[in-house]
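A quick write-up on the structure given underneath.
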Amino acid sequence: MRIVTMLLHDERFSGWSLEEKLSRFHFSKQYLEFCRSFGWEPYLYCFHESLDEKKVYDIKGLGVVKVFPVSFRVPPFMGFGNDHNPKGILNELKKDEPDLIHFHNYYLFSFSYLVPLIKKRLNCPLTTQLHGYHQNWLRRVPYLSCLIQLKLIDAIFYSYEPEVAVYRKLGVLEKAVKIPMPSVDPQLFKPDRRRKNGNLLYVGRLPERLDAYADKSPALIFFILKKLLRFTDVKLIMVGDGTGFSYYRTLVSNLGIEDNVEFTGYIPHSEIARFYQEAGLTFVPLKVYDVDGFFDGSIQESLACETPVACFKSSLNTSFEGTFGFLLSPILDRAPEELSKIFDDLDAHYDFAKKGAAFVHTYCTEERLKGILRNKWEGILKR
């Protein structure tokens with residue numbers, strides 16, 4: 001079986017070079033590895049803003065990665081998801097003749113026109129996946145044309161529970177399949193209580209924006225930390241890089257908290273587990289309805305290591321304790337005191353994280369994700 005997976009956005013938001021995009025861990029390449037393990041022939045189509053022409057890479061053990069230039073960007077004044085090259089994508093699909101096509105992320109503006117064009121010109125089974133965030137209804141208005149195209153999709157993979165309301169209203173709920181995203185390797189991300197300390201940990205990109213809607217906003221942690229230090233002495237470890245790296249260093253200095261913040265820069269994915277194992281608490285500065293284990297890589301990885309997790313709550317009416325983690329007020333004047341209560345009794349919260357670890361190691365592993373994807377894809381092809 002030949003499967004083409006598509007991740008049709010460039011890397012302006014992450015700051016990754018083309019070499020970094022090809023060499024660093026990413027869930028889209030993880031999917032190639034899954035498909036190769038099934039004995040399939042996998043391809044990944046993606047964009048990079050530095051290119052003037054298509055480049056093709058045959059990556060050993062994974063498959064073929066085809067990187068396309070961006071022809072134009074619509075709507076304007078956006079930093080993510082408005083990248084287009086319809087001619088290049090459609091011509092390459094005709095050339096590769098896939099048995100199935102899978103879209104990573106349907107909140108991309110190219111999704112709305114590529115789905116009907118592919119169905120018309122290739123008559124090929126299509127699946128898609130939400131990866132990353134949940135939009136409120138006001139924010140969904142610009143993406144309405146994308147959401148309508150879900151009616152043409154053969155299967156929709158999701159991990160964020162509030163999306164179910166969208167599928168129900170669109171009449172596509174029967175095609176929706178809940179998966180752990182991105183999933184963990186339990187042999188790599190596992191508990192090591194001997195290494196615990198009281199550090200606060202962030203793992204992920206460092207975007208330049210202060211408060212990023214529907215994405216992680218790590219810069220907000222610095223303002224919370226400054227007030228948190230009035231209650232408890234804690235060190236913040238920032239693991240990752242991105243377009244905001246220099247800005248963050250300046251911000252930390254201006255806030256006078258540089259002695260309590262350590263920037264590690266980029267750390268290979270295979271080496272990140274020890275940071276979770278050593279931390280007292282992982283802060284995921286993302287507004288979520290719950291910490292349920294299914295959604296977000298750093299939540300899954302932290303819980304798998306039995307390290308408690310705190311996020312921002314998406315609604316002020318949400319309780320402080322989620323299913324497997326803590327939900328802090330998005331009002332920055334309240335969050336530091338709430339966070340201090342967690343640090344006052346970290347030992348008591350490890351039992352909370354232990355339940356999360358058991359869930360993640362059972363339901364959110366790479367093997368479980370592989371099994372769900374394979375069964376659904378093969379079922380579609382047998383119709």
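Here's how to read the names in the structure tokens: chain A, B, ... by the order shown, residue numbers from 1 in each chain, ligand numbers from 1 in the order shown.
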- prompt: What's the 7 Å shell around Pro125 of chain A, counting only C-alpha atoms, without same-chain residues fewer than 2 positions away, as a PyMOL selection string?
  reply: chain A and resi 100-101+123+127+154
task: Just the residues within 12 Å of Phe359 of chain A, please, counting only C-alpha atoms, with nothing from its chain fewer than 5 positions along; format it as number ranges by chain.
output: A: 180, 183-184, 186, 291-294, 300-301, 303-306, 323-324, 352-354, 364-365
Preceding selection exported with C-alpha atoms as a PDB file, in the first residue's frame:
ATOM      1  CA  PRO A 180      -3.700   9.411  21.687  1.00  0.00           C
ATOM      2  CA  SER A 183       1.693   8.998  21.951  1.00  0.00           C
ATOM      3  CA  VAL A 184       4.742   7.904  23.945  1.00  0.00           C
ATOM      4  CA  PRO A 186       6.855   3.697  27.494  1.00  0.00           C
ATOM      5  CA  VAL A 291      -5.667  17.067  31.527  1.00  0.00           C
ATOM      6  CA  ASP A 292      -6.914  13.689  30.315  1.00  0.00           C
ATOM      7  CA  GLY A 293      -3.760  12.063  28.917  1.00  0.00           C
ATOM      8  CA  PHE A 294      -4.954  11.869  25.320  1.00  0.00           C
ATOM      9  CA  GLN A 300       1.701  12.633  27.958  1.00  0.00           C
ATOM     10  CA  GLU A 301       5.467  12.517  28.397  1.00  0.00           C
ATOM     11  CA  LEU A 303       2.617  11.891  33.120  1.00  0.00           C
ATOM     12  CA  ALA A 304       4.417   8.839  31.723  1.00  0.00           C
ATOM     13  CA  CYS A 305       7.351   9.812  33.965  1.00  0.00           C
ATOM     14  CA  GLU A 306       4.990  10.260  36.969  1.00  0.00           C
ATOM     15  CA  THR A 323      -8.537  14.035  35.500  1.00  0.00           C
ATOM     16  CA  PHE A 324      -4.757  13.650  35.764  1.00  0.00           C
ATOM     17  CA  PHE A 352      -2.130  11.942  41.264  1.00  0.00           C
ATOM     18  CA  ALA A 353       0.569  11.744  38.590  1.00  0.00           C
ATOM     19  CA  LYS A 354       0.969   8.014  39.197  1.00  0.00           C
ATOM     20  CA  CYS A 364      -1.415   6.413  24.951  1.00  0.00           C
ATOM     21  CA  THR A 365       1.492   4.330  23.704  1.00  0.00           C
TER      22      THR A 365
END
message: If DSSP is run on the backbone, what residues of segment 145-289 of chain A are strand (DSSP E or B)? A reply as a PyMOL selection string would be ideal.
response: chain A and resi 155-158+176-178+181+184+200-203+236-239+261-265+281-288
Selected residue of minimal separation from Asn197 of chain A among A:Ala357, A:Ile237, A:Ile272, A:Val74, counting only C-alpha atoms: A:Ile237
field: Who sits within 12 Å of Ser298 of chain A, only C-alpha atoms, same chain under 4 positions skipped, as a PyMOL selection string
entry: chain A and resi 132+181-184+189+201-205+216+239-240+269+272-273+275-276+281-286+291+293-294+302-305+307-311+360
message: So the first atom is atom CA of Leu328 of chain A and the second is atom CA of Leu316 of chain A; what is the distance between them in Å, to one decimal place?
response: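 Here the two named atoms are 9.1 Å from each other.
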Residue nearest Asn317 of chain A - candidates A:Tyr289, A:Glu338, A:Gln187, A:Met6, atoms counted: only C-alpha atoms: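 Once distances to Asn317 of chain A are computed over only C-alpha atoms, the minimum belongs to A:Tyr289.
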query: Residues of segment 37-157 of chain A in alpha helix (DSSP H) according to DSSP, as a PyMOL selection string?
result: chain A and resi 37+86-96+111-121+137-140+144-148
Residue selection dump (C-alpha atoms) as a compact mmCIF listing (two decimals), in the first residue's frame:
# COMPACT_ATOMS: atom_id res chain seq x y z
CA SER A 37 6.58 -1.07 9.99
CA PRO A 86 -1.95 23.55 -4.95
CA LYS A 87 -0.37 22.96 -8.37
CA GLY A 88 2.73 21.32 -6.93
CA ILE A 89 0.76 19.13 -4.51
CA LEU A 90 -1.84 17.94 -7.02
CA ASN A 91 0.74 17.23 -9.75
CA GLU A 92 2.82 15.18 -7.32
CA LEU A 93 -0.21 13.21 -6.11
CA LYS A 94 -1.02 12.26 -9.70
CA LYS A 95 2.56 11.12 -10.12
CA ASP A 96 2.73 9.08 -6.91
CA PHE A 111 -7.52 21.86 3.31
CA SER A 112 -10.76 23.44 2.11
CA TYR A 113 -9.95 23.23 -1.61
CA LEU A 114 -7.57 20.27 -1.72
CA VAL A 115 -10.12 17.81 -0.34
CA PRO A 116 -12.74 18.25 -3.11
CA LEU A 117 -10.03 18.47 -5.78
CA ILE A 118 -8.44 15.21 -4.64
CA LYS A 119 -11.80 13.48 -4.45
CA LYS A 120 -12.67 14.65 -7.95
CA ARG A 121 -9.34 14.08 -9.70
CA TRP A 137 -16.89 28.98 17.55
CA LEU A 138 -15.97 32.60 16.82
CA ARG A 139 -12.48 31.53 15.76
CA ARG A 140 -13.91 28.71 13.67
CA LEU A 144 -15.83 26.99 8.19
CA SER A 145 -14.99 25.93 4.64
CA CYS A 146 -12.36 23.56 6.05
CA LEU A 147 -14.80 22.03 8.52
CA ILE A 148 -17.48 21.52 5.86
I want to know what sits within 7 Å of Ala155 of chain A, based on only C-alpha atoms, with residues of the same chain fewer than 2 positions away left out; could you give that as an mmCIF file with N, CA and C atoms, in the first residue's frame?
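As written to disk, part02.cif reads:
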data_model
loop_
_atom_site.group_PDB
_atom_site.id
_atom_site.type_symbol
_atom_site.label_atom_id
_atom_site.label_comp_id
_atom_site.auth_asym_id
_atom_site.auth_seq_id
_atom_site.Cartn_x
_atom_site.Cartn_y
_atom_site.Cartn_z
ATOM 1 N N THR A 127 -8.192 10.519 4.826
ATOM 2 C CA THR A 127 -8.386 10.635 6.266
ATOM 3 C C THR A 127 -7.693 11.910 6.725
ATOM 4 N N THR A 128 -8.078 12.388 7.890
ATOM 5 C CA THR A 128 -7.473 13.608 8.406
ATOM 6 C C THR A 128 -7.362 13.529 9.919
ATOM 7 N N ILE A 153 -14.520 13.347 4.059
ATOM 8 C CA ILE A 153 -13.418 12.573 4.615
ATOM 9 C C ILE A 153 -13.905 11.189 5.063
ATOM 10 N N PHE A 157 -9.387 11.540 12.733
ATOM 11 C CA PHE A 157 -8.704 11.178 13.971
ATOM 12 C C PHE A 157 -8.576 12.425 14.848
ATOM 13 N N LYS A 175 -17.715 9.079 11.820
ATOM 14 C CA LYS A 175 -16.400 8.916 11.173
ATOM 15 C C LYS A 175 -15.238 9.305 12.087
ATOM 16 N N ALA A 176 -15.549 9.806 13.289
ATOM 17 C CA ALA A 176 -14.512 10.309 14.192
ATOM 18 C C ALA A 176 -13.951 9.182 15.064
#
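Considering only C-alpha atoms, the residue among A:Ile267, A:Leu51, A:Leu130, A:Val67 positioned nearest to Phe103 of chain A is A:Leu130.
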- request: Could you check how far atom CA of Glu163 of chain A sits from atom CA of Ser314 of chain A, in Å to one decimal?
  value: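 That distance, rounded to one decimal, is 13.8 Å.
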query: What's the 12 Å shell around segment 242-258 of chain A, counting only C-alpha atoms, without same-chain residues fewer than 5 positions away, as JSON, numbers by chain?
result: {"A": [11, 12, 13, 14, 15, 16, 17, 20, 79, 203, 204, 205, 206, 207, 208, 209, 210, 211, 217, 218, 219, 220, 221, 222, 223, 224, 225, 226, 227, 228, 229, 230, 233, 234, 235, 236, 237, 263, 264, 265, 266]}
